[in-house]
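Structure below is structure_28.cif: mmCIF, C-alpha atoms, pLDDT in the B column; chains and numbers go by the auth columns.
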data_input
loop_
_atom_site.group_PDB
_atom_site.id
_atom_site.type_symbol
_atom_site.label_atom_id
_atom_site.label_comp_id
_atom_site.label_asym_id
_atom_site.label_seq_id
_atom_site.Cartn_x
_atom_site.Cartn_y
_atom_site.Cartn_z
_atom_site.B_iso_or_equiv
_atom_site.auth_seq_id
_atom_site.auth_asym_id
ATOM 1 C CA MET A 1 -15.064 -56.766 7.670 33.00 815 A
ATOM 2 C CA LYS A 2 -12.162 -58.328 5.810 33.00 816 A
ATOM 3 C CA ALA A 3 -12.061 -59.359 2.172 35.00 817 A
ATOM 4 C CA PRO A 4 -13.171 -61.693 0.803 39.00 818 A
ATOM 5 C CA LEU A 5 -16.641 -60.661 1.714 42.00 819 A
ATOM 6 C CA PHE A 6 -18.303 -63.239 3.941 43.00 820 A
ATOM 7 C CA LEU A 7 -21.926 -62.935 4.865 48.00 821 A
ATOM 8 C CA ALA A 8 -24.194 -65.455 6.463 46.00 822 A
ATOM 9 C CA LEU A 9 -27.666 -66.016 7.822 46.00 823 A
ATOM 10 C CA CYS A 10 -26.173 -68.165 10.523 41.00 824 A
ATOM 11 C CA PHE A 11 -22.507 -68.820 11.242 36.00 825 A
ATOM 12 C CA SER A 12 -20.961 -71.404 13.507 34.00 826 A
ATOM 13 C CA ALA A 13 -17.431 -72.563 14.230 33.00 827 A
ATOM 14 C CA VAL A 14 -15.775 -73.885 11.098 34.00 828 A
ATOM 15 C CA SER A 15 -13.807 -77.124 11.177 36.00 829 A
ATOM 16 C CA SER A 16 -13.731 -78.559 7.658 41.00 830 A
ATOM 17 C CA PHE A 17 -11.272 -77.556 4.941 41.00 831 A
ATOM 18 C CA ALA A 18 -14.154 -76.664 2.629 46.00 832 A
ATOM 19 C CA GLN A 19 -15.332 -74.037 5.070 53.00 833 A
ATOM 20 C CA ARG A 20 -11.869 -72.731 5.902 54.00 834 A
ATOM 21 C CA ASP A 21 -11.173 -72.224 2.200 71.00 835 A
ATOM 22 C CA TRP A 22 -14.443 -70.717 1.062 71.00 836 A
ATOM 23 C CA ASN A 23 -13.548 -70.787 -2.633 78.00 837 A
ATOM 24 C CA ASN A 24 -12.626 -74.464 -2.570 81.00 838 A
ATOM 25 C CA ILE A 25 -15.542 -76.156 -4.317 83.00 839 A
ATOM 26 C CA GLY A 26 -13.774 -79.507 -4.594 79.00 840 A
ATOM 27 C CA THR A 27 -14.912 -82.505 -6.596 85.00 841 A
ATOM 28 C CA GLU A 28 -15.331 -84.859 -3.672 88.00 842 A
ATOM 29 C CA GLY A 29 -18.874 -85.854 -2.808 92.00 843 A
ATOM 30 C CA ILE A 30 -20.569 -84.224 -5.798 96.00 844 A
ATOM 31 C CA VAL A 31 -23.893 -85.942 -6.478 97.00 845 A
ATOM 32 C CA SER A 32 -24.971 -83.687 -9.319 97.00 846 A
ATOM 33 C CA LYS A 33 -23.791 -80.569 -11.097 97.00 847 A
ATOM 34 C CA ASP A 34 -26.115 -78.493 -13.247 97.00 848 A
ATOM 35 C CA SER A 35 -25.519 -75.296 -15.190 98.00 849 A
ATOM 36 C CA LEU A 36 -28.521 -73.337 -16.408 98.00 850 A
ATOM 37 C CA THR A 37 -28.710 -69.970 -18.145 98.00 851 A
ATOM 38 C CA LYS A 38 -31.679 -67.658 -18.665 98.00 852 A
ATOM 39 C CA LYS A 39 -31.698 -64.116 -20.044 96.00 853 A
ATOM 40 C CA GLY A 40 -28.007 -63.585 -19.416 98.00 854 A
ATOM 41 C CA TYR A 41 -27.856 -65.043 -15.911 98.00 855 A
ATOM 42 C CA THR A 42 -26.379 -68.435 -15.049 98.00 856 A
ATOM 43 C CA ILE A 43 -26.663 -70.670 -12.014 98.00 857 A
ATOM 44 C CA LEU A 44 -24.202 -73.470 -11.347 98.00 858 A
ATOM 45 C CA PHE A 45 -25.964 -75.771 -8.898 98.00 859 A
ATOM 46 C CA ILE A 46 -23.677 -78.293 -7.187 98.00 860 A
ATOM 47 C CA ASN A 47 -25.297 -80.842 -4.917 98.00 861 A
ATOM 48 C CA LYS A 48 -23.157 -82.791 -2.455 97.00 862 A
ATOM 49 C CA ASP A 49 -26.001 -84.412 -0.561 97.00 863 A
ATOM 50 C CA SER A 50 -27.509 -87.614 -1.957 97.00 864 A
ATOM 51 C CA GLY A 51 -30.715 -87.134 -0.013 98.00 865 A
ATOM 52 C CA PHE A 52 -31.359 -83.564 -1.107 98.00 866 A
ATOM 53 C CA SER A 53 -34.890 -83.040 -2.404 98.00 867 A
ATOM 54 C CA ALA A 54 -35.166 -82.619 -6.167 98.00 868 A
ATOM 55 C CA VAL A 55 -38.259 -80.485 -5.574 98.00 869 A
ATOM 56 C CA THR A 56 -36.374 -78.124 -3.245 98.00 870 A
ATOM 57 C CA LYS A 57 -33.512 -77.945 -5.724 98.00 871 A
ATOM 58 C CA GLN A 58 -35.834 -76.852 -8.525 98.00 872 A
ATOM 59 C CA ARG A 59 -37.587 -74.324 -6.305 98.00 873 A
ATOM 60 C CA MET A 60 -34.250 -72.779 -5.372 98.00 874 A
ATOM 61 C CA ILE A 61 -33.223 -72.575 -9.018 98.00 875 A
ATOM 62 C CA ASP A 62 -36.563 -71.003 -9.945 98.00 876 A
ATOM 63 C CA ALA A 63 -36.204 -68.472 -7.116 98.00 877 A
ATOM 64 C CA TYR A 64 -32.736 -67.501 -8.335 98.00 878 A
ATOM 65 C CA PHE A 65 -33.924 -66.770 -11.862 98.00 879 A
ATOM 66 C CA LYS A 66 -36.930 -64.839 -10.574 98.00 880 A
ATOM 67 C CA VAL A 67 -35.211 -62.775 -7.899 98.00 881 A
ATOM 68 C CA TYR A 68 -31.549 -62.271 -8.801 98.00 882 A
ATOM 69 C CA PRO A 69 -32.217 -60.293 -12.010 98.00 883 A
ATOM 70 C CA LYS A 70 -34.555 -57.990 -10.058 98.00 884 A
ATOM 71 C CA GLU A 71 -31.936 -57.432 -7.374 98.00 885 A
ATOM 72 C CA ALA A 72 -29.309 -56.773 -10.014 98.00 886 A
ATOM 73 C CA LYS A 73 -31.507 -54.365 -11.978 98.00 887 A
ATOM 74 C CA ARG A 74 -32.344 -52.279 -8.936 98.00 888 A
ATOM 75 C CA PHE A 75 -29.080 -52.296 -7.024 98.00 889 A
ATOM 76 C CA ASN A 76 -26.094 -53.341 -9.118 98.00 890 A
ATOM 77 C CA LYS A 77 -26.336 -53.934 -12.855 98.00 891 A
ATOM 78 C CA GLY A 78 -22.667 -54.815 -12.897 97.00 892 A
ATOM 79 C CA THR A 79 -23.058 -57.759 -10.551 98.00 893 A
ATOM 80 C CA ARG A 80 -21.837 -61.255 -11.446 98.00 894 A
ATOM 81 C CA LYS A 81 -23.791 -62.956 -14.178 98.00 895 A
ATOM 82 C CA MET A 82 -23.070 -66.425 -12.765 98.00 896 A
ATOM 83 C CA VAL A 83 -23.642 -67.600 -9.199 98.00 897 A
ATOM 84 C CA THR A 84 -22.597 -70.987 -7.835 98.00 898 A
ATOM 85 C CA PHE A 85 -24.841 -72.719 -5.309 98.00 899 A
ATOM 86 C CA ILE A 86 -23.368 -75.570 -3.283 97.00 900 A
ATOM 87 C CA ILE A 87 -25.555 -77.864 -1.214 98.00 901 A
ATOM 88 C CA ASP A 88 -22.840 -78.653 1.277 95.00 902 A
ATOM 89 C CA PRO A 89 -23.333 -81.168 4.135 95.00 903 A
ATOM 90 C CA GLU A 90 -20.102 -79.900 5.710 92.00 904 A
ATOM 91 C CA TYR A 91 -21.475 -76.380 6.074 91.00 905 A
ATOM 92 C CA LYS A 92 -22.849 -76.079 9.606 88.00 906 A
ATOM 93 C CA GLY A 93 -24.697 -72.786 9.359 93.00 907 A
ATOM 94 C CA VAL A 94 -27.860 -72.029 7.377 96.00 908 A
ATOM 95 C CA ALA A 95 -26.529 -70.363 4.243 96.00 909 A
ATOM 96 C CA ALA A 96 -23.788 -67.911 3.384 95.00 910 A
ATOM 97 C CA ALA A 97 -22.327 -66.099 0.396 96.00 911 A
ATOM 98 C CA SER A 98 -18.815 -65.133 -0.663 92.00 912 A
ATOM 99 C CA ASN A 99 -17.134 -64.401 -3.993 92.00 913 A
ATOM 100 C CA GLY A 100 -20.006 -65.585 -6.164 96.00 914 A
ATOM 101 C CA ILE A 101 -20.528 -68.785 -4.145 97.00 915 A
ATOM 102 C CA ILE A 102 -23.538 -69.537 -1.971 97.00 916 A
ATOM 103 C CA ARG A 103 -23.285 -72.498 0.397 96.00 917 A
ATOM 104 C CA VAL A 104 -26.488 -73.924 1.786 97.00 918 A
ATOM 105 C CA SER A 105 -26.962 -76.479 4.536 97.00 919 A
ATOM 106 C CA PRO A 106 -28.990 -79.455 3.241 98.00 920 A
ATOM 107 C CA LYS A 107 -30.095 -80.182 6.805 98.00 921 A
ATOM 108 C CA TRP A 108 -31.572 -76.699 7.129 98.00 922 A
ATOM 109 C CA MET A 109 -33.455 -77.039 3.857 98.00 923 A
ATOM 110 C CA ALA A 110 -34.689 -80.518 4.795 98.00 924 A
ATOM 111 C CA ASP A 111 -35.956 -79.187 8.123 98.00 925 A
ATOM 112 C CA HIS A 112 -37.301 -75.958 6.579 98.00 926 A
ATOM 113 C CA PRO A 113 -38.308 -76.823 2.997 98.00 927 A
ATOM 114 C CA GLU A 114 -40.385 -73.665 2.618 98.00 928 A
ATOM 115 C CA ASP A 115 -37.470 -71.369 3.430 98.00 929 A
ATOM 116 C CA ILE A 116 -36.779 -70.869 -0.261 98.00 930 A
ATOM 117 C CA ASP A 117 -36.017 -67.198 0.266 98.00 931 A
ATOM 118 C CA VAL A 118 -32.687 -68.152 1.725 98.00 932 A
ATOM 119 C CA VAL A 119 -31.888 -67.741 -1.973 98.00 933 A
ATOM 120 C CA THR A 120 -33.250 -64.186 -2.026 98.00 934 A
ATOM 121 C CA HIS A 121 -31.241 -63.082 1.005 98.00 935 A
ATOM 122 C CA GLU A 122 -27.962 -64.698 -0.025 98.00 936 A
ATOM 123 C CA ALA A 123 -28.239 -63.688 -3.671 98.00 937 A
ATOM 124 C CA MET A 124 -28.528 -60.094 -2.505 98.00 938 A
ATOM 125 C CA HIS A 125 -25.207 -60.479 -0.736 98.00 939 A
ATOM 126 C CA ILE A 126 -23.686 -61.358 -4.114 98.00 940 A
ATOM 127 C CA VAL A 127 -25.266 -58.229 -5.576 98.00 941 A
ATOM 128 C CA GLN A 128 -24.029 -56.121 -2.663 98.00 942 A
ATOM 129 C CA ALA A 129 -20.390 -57.111 -3.201 97.00 943 A
ATOM 130 C CA TYR A 130 -19.321 -54.695 -0.483 97.00 944 A
ATOM 131 C CA PRO A 131 -15.546 -54.376 -0.078 96.00 945 A
ATOM 132 C CA GLY A 132 -13.829 -54.793 3.267 94.00 946 A
ATOM 133 C CA GLY A 133 -14.471 -51.853 5.562 95.00 947 A
ATOM 134 C CA ALA A 134 -17.483 -50.725 3.537 96.00 948 A
ATOM 135 C CA GLY A 135 -19.625 -49.941 6.553 97.00 949 A
ATOM 136 C CA PRO A 136 -21.540 -51.473 9.446 98.00 950 A
ATOM 137 C CA GLY A 137 -22.495 -55.139 9.307 97.00 951 A
ATOM 138 C CA TRP A 138 -25.934 -54.398 10.715 98.00 952 A
ATOM 139 C CA LEU A 139 -26.735 -52.343 7.614 98.00 953 A
ATOM 140 C CA THR A 140 -25.387 -55.038 5.291 98.00 954 A
ATOM 141 C CA GLU A 141 -27.699 -57.652 6.778 98.00 955 A
ATOM 142 C CA GLY A 142 -30.555 -55.206 7.173 98.00 956 A
ATOM 143 C CA ILE A 143 -30.490 -54.385 3.470 98.00 957 A
ATOM 144 C CA ALA A 144 -30.394 -58.106 2.566 98.00 958 A
ATOM 145 C CA ASP A 145 -33.474 -58.767 4.700 98.00 959 A
ATOM 146 C CA TYR A 146 -35.160 -55.632 3.333 98.00 960 A
ATOM 147 C CA VAL A 147 -34.703 -57.159 -0.109 98.00 961 A
ATOM 148 C CA ARG A 148 -36.073 -60.486 1.116 98.00 962 A
ATOM 149 C CA HIS A 149 -39.151 -58.623 2.382 98.00 963 A
ATOM 150 C CA VAL A 150 -39.657 -56.772 -0.903 98.00 964 A
ATOM 151 C CA TYR A 151 -38.769 -59.482 -3.423 98.00 965 A
ATOM 152 C CA GLY A 152 -39.222 -62.746 -1.526 98.00 966 A
ATOM 153 C CA VAL A 153 -41.113 -65.474 -3.382 98.00 967 A
ATOM 154 C CA ASN A 154 -42.206 -67.666 -0.465 98.00 968 A
ATOM 155 C CA ASN A 155 -41.892 -65.716 2.774 98.00 969 A
ATOM 156 C CA GLU A 156 -45.382 -66.430 4.049 98.00 970 A
ATOM 157 C CA ALA A 157 -45.155 -70.182 3.586 98.00 971 A
ATOM 158 C CA GLY A 158 -41.641 -70.053 5.009 97.00 972 A
ATOM 159 C CA LYS A 159 -43.049 -68.373 8.125 97.00 973 A
ATOM 160 C CA TRP A 160 -40.708 -65.428 7.636 98.00 974 A
ATOM 161 C CA SER A 161 -41.810 -61.837 8.094 98.00 975 A
ATOM 162 C CA LEU A 162 -40.644 -58.541 9.470 98.00 976 A
ATOM 163 C CA PRO A 163 -41.076 -58.494 13.258 98.00 977 A
ATOM 164 C CA LYS A 164 -43.600 -56.517 15.202 97.00 978 A
ATOM 165 C CA PHE A 165 -42.000 -53.418 16.647 97.00 979 A
ATOM 166 C CA ASP A 166 -40.583 -53.830 20.138 97.00 980 A
ATOM 167 C CA THR A 167 -39.198 -51.065 22.333 96.00 981 A
ATOM 168 C CA LYS A 168 -36.151 -53.271 22.906 97.00 982 A
ATOM 169 C CA HIS A 169 -35.300 -53.071 19.220 98.00 983 A
ATOM 170 C CA HIS A 170 -32.482 -50.934 17.878 98.00 984 A
ATOM 171 C CA TYR A 171 -31.413 -50.311 14.307 98.00 985 A
ATOM 172 C CA THR A 172 -28.099 -52.032 15.019 98.00 986 A
ATOM 173 C CA ASN A 173 -29.885 -55.342 15.686 98.00 987 A
ATOM 174 C CA ALA A 174 -29.442 -56.115 11.954 98.00 988 A
ATOM 175 C CA TYR A 175 -31.446 -58.567 9.830 98.00 989 A
ATOM 176 C CA ARG A 176 -35.248 -58.280 10.168 98.00 990 A
ATOM 177 C CA VAL A 177 -35.203 -55.517 12.799 98.00 991 A
ATOM 178 C CA THR A 178 -33.052 -53.244 10.661 98.00 992 A
ATOM 179 C CA ALA A 179 -35.011 -54.246 7.558 98.00 993 A
ATOM 180 C CA ARG A 180 -38.259 -53.130 9.184 98.00 994 A
ATOM 181 C CA PHE A 181 -36.708 -49.774 10.022 98.00 995 A
ATOM 182 C CA LEU A 182 -35.498 -49.395 6.431 98.00 996 A
ATOM 183 C CA VAL A 183 -39.009 -50.073 5.133 98.00 997 A
ATOM 184 C CA TRP A 184 -40.371 -47.385 7.451 98.00 998 A
ATOM 185 C CA ALA A 185 -37.614 -44.899 6.647 98.00 999 A
ATOM 186 C CA GLU A 186 -38.028 -45.352 2.914 97.00 1000 A
ATOM 187 C CA LYS A 187 -41.784 -44.891 3.224 97.00 1001 A
ATOM 188 C CA ASN A 188 -41.433 -41.750 5.328 97.00 1002 A
ATOM 189 C CA THR A 189 -38.423 -40.079 3.713 97.00 1003 A
ATOM 190 C CA THR A 190 -37.357 -41.011 0.178 95.00 1004 A
ATOM 191 C CA LYS A 191 -38.017 -44.016 -2.029 91.00 1005 A
ATOM 192 C CA LYS A 192 -34.348 -44.078 -3.055 93.00 1006 A
ATOM 193 C CA LEU A 193 -33.000 -44.379 0.486 98.00 1007 A
ATOM 194 C CA VAL A 194 -31.996 -48.054 0.385 98.00 1008 A
ATOM 195 C CA ASN A 195 -30.551 -47.691 -3.110 98.00 1009 A
ATOM 196 C CA LYS A 196 -28.351 -44.818 -1.960 98.00 1010 A
ATOM 197 C CA LEU A 197 -27.228 -46.616 1.188 98.00 1011 A
ATOM 198 C CA ASP A 198 -26.426 -49.749 -0.797 98.00 1012 A
ATOM 199 C CA ASN A 199 -24.428 -47.812 -3.372 98.00 1013 A
ATOM 200 C CA ALA A 200 -22.506 -45.966 -0.666 98.00 1014 A
ATOM 201 C CA MET A 201 -21.544 -49.267 0.963 98.00 1015 A
ATOM 202 C CA ARG A 202 -20.381 -50.755 -2.337 98.00 1016 A
ATOM 203 C CA THR A 203 -18.331 -47.667 -3.243 98.00 1017 A
ATOM 204 C CA LYS A 204 -16.941 -47.295 0.285 98.00 1018 A
ATOM 205 C CA THR A 205 -18.439 -43.834 0.627 98.00 1019 A
ATOM 206 C CA TYR A 206 -20.772 -44.703 3.492 98.00 1020 A
ATOM 207 C CA LYS A 207 -20.583 -42.504 6.567 98.00 1021 A
ATOM 208 C CA PRO A 208 -23.067 -41.933 9.406 97.00 1022 A
ATOM 209 C CA GLU A 209 -23.670 -38.392 8.128 98.00 1023 A
ATOM 210 C CA LEU A 210 -25.075 -39.836 4.908 98.00 1024 A
ATOM 211 C CA TRP A 211 -28.469 -40.396 6.524 98.00 1025 A
ATOM 212 C CA LYS A 212 -28.897 -36.663 7.084 98.00 1026 A
ATOM 213 C CA GLU A 213 -27.608 -35.845 3.615 98.00 1027 A
ATOM 214 C CA ILE A 214 -30.262 -38.124 2.112 98.00 1028 A
ATOM 215 C CA THR A 215 -33.206 -37.578 4.453 98.00 1029 A
ATOM 216 C CA GLY A 216 -32.495 -34.290 6.230 97.00 1030 A
ATOM 217 C CA LYS A 217 -32.322 -36.106 9.572 97.00 1031 A
ATOM 218 C CA THR A 218 -29.665 -38.037 11.413 98.00 1032 A
ATOM 219 C CA LEU A 219 -29.954 -41.772 11.884 98.00 1033 A
ATOM 220 C CA ASP A 220 -30.792 -41.357 15.556 98.00 1034 A
ATOM 221 C CA GLU A 221 -33.386 -38.680 14.788 98.00 1035 A
ATOM 222 C CA LEU A 222 -35.035 -41.024 12.302 98.00 1036 A
ATOM 223 C CA TRP A 223 -35.006 -43.857 14.828 98.00 1037 A
ATOM 224 C CA ASP A 224 -36.633 -41.621 17.462 98.00 1038 A
ATOM 225 C CA GLU A 225 -39.430 -40.810 15.014 98.00 1039 A
ATOM 226 C CA TYR A 226 -39.778 -44.469 14.145 98.00 1040 A
ATOM 227 C CA VAL A 227 -40.130 -45.426 17.796 98.00 1041 A
ATOM 228 C CA LYS A 228 -42.949 -42.890 18.210 97.00 1042 A
ATOM 229 C CA ASN A 229 -44.842 -44.170 15.161 97.00 1043 A
ATOM 230 C CA PRO A 230 -43.458 -47.487 13.870 98.00 1044 A
ATOM 231 C CA THR A 231 -46.357 -48.308 11.574 97.00 1045 A
ATOM 232 C CA ILE A 232 -45.266 -49.582 8.194 96.00 1046 A
#

Spell out the structure here as structure tokens.
Amino acid sequence: MKAPLFLALCFSAVSSFAQRDWNNIGTEGIVSKDSLTKKGYTILFINKDSGFSAVTKQRMIDAYFKVYPKEAKRFNKGTRKMVTFIIDPEYKGVAAASNGIIRVSPKWMADHPEDIDVVTHEAMHIVQAYPGGAGPGWLTEGIADYVRHVYGVNNEAGKWSLPKFDTKHHYTNAYRVTARFLVWAEKNTTKKLVNKLDNAMRTKTYKPELWKEITGKTLDELWDEYVKNPTI
């Protein structure tokens, strides 16, 4: 993983300048620009889509103020106090985060208006702030989806949930599969497991041996136990 940190729910080939230069917000096409602050946290919400739902916009803002402080308190109190959201028609994925900026596809939100916890997942990537070479990508995304599972505000209505266990699963599958394993591992080993893994990634001290140092068992040993009894 190379800096700047780039994490996404869905990534496709990038063709526009805005996507090549992730930090380029640009003034072209801005329909509205709102800055709101609550209890020390600020959201800068930039909308570049004239047809974007005002209701969805408000729900995303509300989700940010409800979830981001919780993520920060648990995982990284030193995280950014301001996050910029850009509703970007030129972004062809679902949503992604880098350097304090979250880009969201207006088409995705129009087609999936209940998927408000895109905010929860991507905001956690801001909190993670893992440097390049921090550790495996599957763990990065697994932790973000673990957080969506724990702190999500609209998962049920958004038809998002952890998957049923499947023997074809592996912890390296990332996202929901890894998140489910993390839920199980935390329940069956130590409540601080995800916190310690997250901190190790952010401080570049992660190593495969860390699982045994924390839980007394290797990652593969934990997975074998999980496969035998995957109930969460």

What is the atom CA of A:Pro927 to atom CA of A:Gly972 distance in Å?
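We find that atom CA of A:Pro927 and atom CA of A:Gly972 lie 7.8 Å from each other.
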
Can you list, as a ChimeraX atom specification, every protein, DNA or RNA residue that comes within 6 Å of stretch 841-849 of chain A when you count only C-alpha atoms, leaving out same-chain residues fewer than 5 positions away?
/A:857-862

Expanded to explicit residues, what is the PyMOL selection byres ((chain A and resi 978-984) around 12) for this file, as a ChimeraX atom specification?
/A:952-953,956,975-977,985-996,998,1033-1034,1036-1038,1040-1046

Tell me which of A:Arg888, A:Arg917, A:His926, A:Lys1026 sits closest to A:Val1008, counting all atoms listed in the file.
A:Arg888

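Note that the spacing between atom CA of A:Ala886 and atom CA of A:Val941 amounts to 6.2 Å.
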
Can you tell me, as a VMD selection string, what residues are no more than 12 Å from A:Trp974 when counting all atoms listed in the file, ignoring any on the same chain fewer than 2 positions away?
chain A and resid 926 928 to 932 935 959 962 to 963 966 to 972 976 to 977 989 to 990

Taking all atoms listed in the file into account, which of A:Leu1007, A:Ile916, A:Val908, A:Ala924 comes nearest A:Val869?
A:Ala924

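Each of A:Pro920, A:Gly951, A:Pro945, A:Gly865 was checked against A:Ile900 using all atoms listed in the file; the smallest atom-to-atom distance is that of A:Pro920.
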
Distance of atom CA of A:Glu955 from atom CA of A:Ile875, expressed in Å to one decimal place
22.4 Å

Looking at all atoms listed in the file, which of A:Pro903, A:Asn890, A:Ile915, A:Gly949 is the one that sits closest to A:Thr1019?
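Result for the nearest residue to A:Thr1019: A:Gly949.
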
Please put the answer as lines of an AutoDock Vina configuration file: centre and edge lengths, in Å with one decimal, of a box along x, y and z that encloses all listed atoms of stretch 943-947 of chain A plus 4 Å on each side.
center_x = -17.1
center_y = -54.5
center_z = 1.2
size_x = 14.6
size_y = 13.3
size_z = 16.8

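Compared by their closest atoms to A:Tyr960, and using only C-alpha atoms, the residues A:His939, A:Lys853, A:Lys1018, A:Lys906 rank with A:His939 nearest.
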
Can you spell out as a PyMOL selection string the set of residues that the PyMOL selection byres ((chain A and resi 879) around 12) selects in the structure I just provided?
chain A and resi 850-858+872-878+880-886+895-897+933-934+937+967

Could you write stretch 954-974 of chain A as a PDB file, in the coordinates of the input, with N, CA and C atoms rebuilt where they are missing?
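Wrote it out as selection-v4.pdb, contents follow:
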ATOM      1  N   THR A 954     -25.529 -54.020   6.328  1.00 98.00           N
ATOM      2  CA  THR A 954     -25.387 -55.038   5.291  1.00 98.00           C
ATOM      3  C   THR A 954     -26.502 -56.076   5.397  1.00 98.00           C
ATOM      4  N   GLU A 955     -26.681 -56.615   6.583  1.00 98.00           N
ATOM      5  CA  GLU A 955     -27.699 -57.652   6.778  1.00 98.00           C
ATOM      6  C   GLU A 955     -29.110 -57.072   6.752  1.00 98.00           C
ATOM      7  N   GLY A 956     -29.240 -55.843   7.215  1.00 98.00           N
ATOM      8  CA  GLY A 956     -30.555 -55.206   7.173  1.00 98.00           C
ATOM      9  C   GLY A 956     -31.034 -54.990   5.748  1.00 98.00           C
ATOM     10  N   ILE A 957     -30.136 -54.571   4.873  1.00 98.00           N
ATOM     11  CA  ILE A 957     -30.490 -54.385   3.470  1.00 98.00           C
ATOM     12  C   ILE A 957     -30.853 -55.721   2.827  1.00 98.00           C
ATOM     13  N   ALA A 958     -30.100 -56.784   3.140  1.00 98.00           N
ATOM     14  CA  ALA A 958     -30.394 -58.106   2.566  1.00 98.00           C
ATOM     15  C   ALA A 958     -31.772 -58.600   2.997  1.00 98.00           C
ATOM     16  N   ASP A 959     -32.140 -58.354   4.252  1.00 98.00           N
ATOM     17  CA  ASP A 959     -33.474 -58.767   4.700  1.00 98.00           C
ATOM     18  C   ASP A 959     -34.555 -57.816   4.192  1.00 98.00           C
ATOM     19  N   TYR A 960     -34.216 -56.556   3.987  1.00 98.00           N
ATOM     20  CA  TYR A 960     -35.160 -55.632   3.333  1.00 98.00           C
ATOM     21  C   TYR A 960     -35.507 -56.175   1.951  1.00 98.00           C
ATOM     22  N   VAL A 961     -34.491 -56.619   1.237  1.00 98.00           N
ATOM     23  CA  VAL A 961     -34.703 -57.159  -0.109  1.00 98.00           C
ATOM     24  C   VAL A 961     -35.515 -58.446  -0.048  1.00 98.00           C
ATOM     25  N   ARG A 962     -35.265 -59.277   0.960  1.00 98.00           N
ATOM     26  CA  ARG A 962     -36.073 -60.486   1.116  1.00 98.00           C
ATOM     27  C   ARG A 962     -37.538 -60.111   1.343  1.00 98.00           C
ATOM     28  N   HIS A 963     -37.785 -59.075   2.135  1.00 98.00           N
ATOM     29  CA  HIS A 963     -39.151 -58.623   2.382  1.00 98.00           C
ATOM     30  C   HIS A 963     -39.816 -58.134   1.100  1.00 98.00           C
ATOM     31  N   VAL A 964     -39.089 -57.379   0.299  1.00 98.00           N
ATOM     32  CA  VAL A 964     -39.657 -56.772  -0.903  1.00 98.00           C
ATOM     33  C   VAL A 964     -39.805 -57.777  -2.044  1.00 98.00           C
ATOM     34  N   TYR A 965     -38.805 -58.625  -2.242  1.00 98.00           N
ATOM     35  CA  TYR A 965     -38.769 -59.482  -3.423  1.00 98.00           C
ATOM     36  C   TYR A 965     -38.935 -60.980  -3.136  1.00 98.00           C
ATOM     37  N   GLY A 966     -39.102 -61.336  -1.882  1.00 98.00           N
ATOM     38  CA  GLY A 966     -39.222 -62.746  -1.526  1.00 98.00           C
ATOM     39  C   GLY A 966     -40.359 -63.449  -2.255  1.00 98.00           C
ATOM     40  N   VAL A 967     -40.136 -64.711  -2.602  1.00 98.00           N
ATOM     41  CA  VAL A 967     -41.113 -65.474  -3.382  1.00 98.00           C
ATOM     42  C   VAL A 967     -41.942 -66.433  -2.528  1.00 98.00           C
ATOM     43  N   ASN A 968     -41.510 -66.661  -1.270  1.00 98.00           N
ATOM     44  CA  ASN A 968     -42.206 -67.666  -0.465  1.00 98.00           C
ATOM     45  C   ASN A 968     -42.145 -67.360   1.032  1.00 98.00           C
ATOM     46  N   ASN A 969     -42.059 -66.086   1.373  1.00 98.00           N
ATOM     47  CA  ASN A 969     -41.892 -65.716   2.774  1.00 98.00           C
ATOM     48  C   ASN A 969     -43.024 -66.205   3.671  1.00 98.00           C
ATOM     49  N   GLU A 970     -44.239 -66.057   3.202  1.00 98.00           N
ATOM     50  CA  GLU A 970     -45.382 -66.430   4.049  1.00 98.00           C
ATOM     51  C   GLU A 970     -45.361 -67.916   4.372  1.00 98.00           C
ATOM     52  N   ALA A 971     -45.201 -68.736   3.354  1.00 98.00           N
ATOM     53  CA  ALA A 971     -45.155 -70.182   3.586  1.00 98.00           C
ATOM     54  C   ALA A 971     -43.927 -70.564   4.401  1.00 98.00           C
ATOM     55  N   GLY A 972     -42.857 -69.795   4.256  1.00 97.00           N
ATOM     56  CA  GLY A 972     -41.641 -70.053   5.009  1.00 97.00           C
ATOM     57  C   GLY A 972     -41.692 -69.521   6.429  1.00 97.00           C
ATOM     58  N   LYS A 973     -42.846 -68.936   6.788  1.00 97.00           N
ATOM     59  CA  LYS A 973     -43.049 -68.373   8.125  1.00 97.00           C
ATOM     60  C   LYS A 973     -41.987 -67.318   8.464  1.00 97.00           C
ATOM     61  N   TRP A 974     -41.662 -66.523   7.455  1.00 98.00           N
ATOM     62  CA  TRP A 974     -40.708 -65.428   7.636  1.00 98.00           C
ATOM     63  C   TRP A 974     -41.439 -64.118   7.391  1.00 98.00           C
TER      64      TRP A 974
END
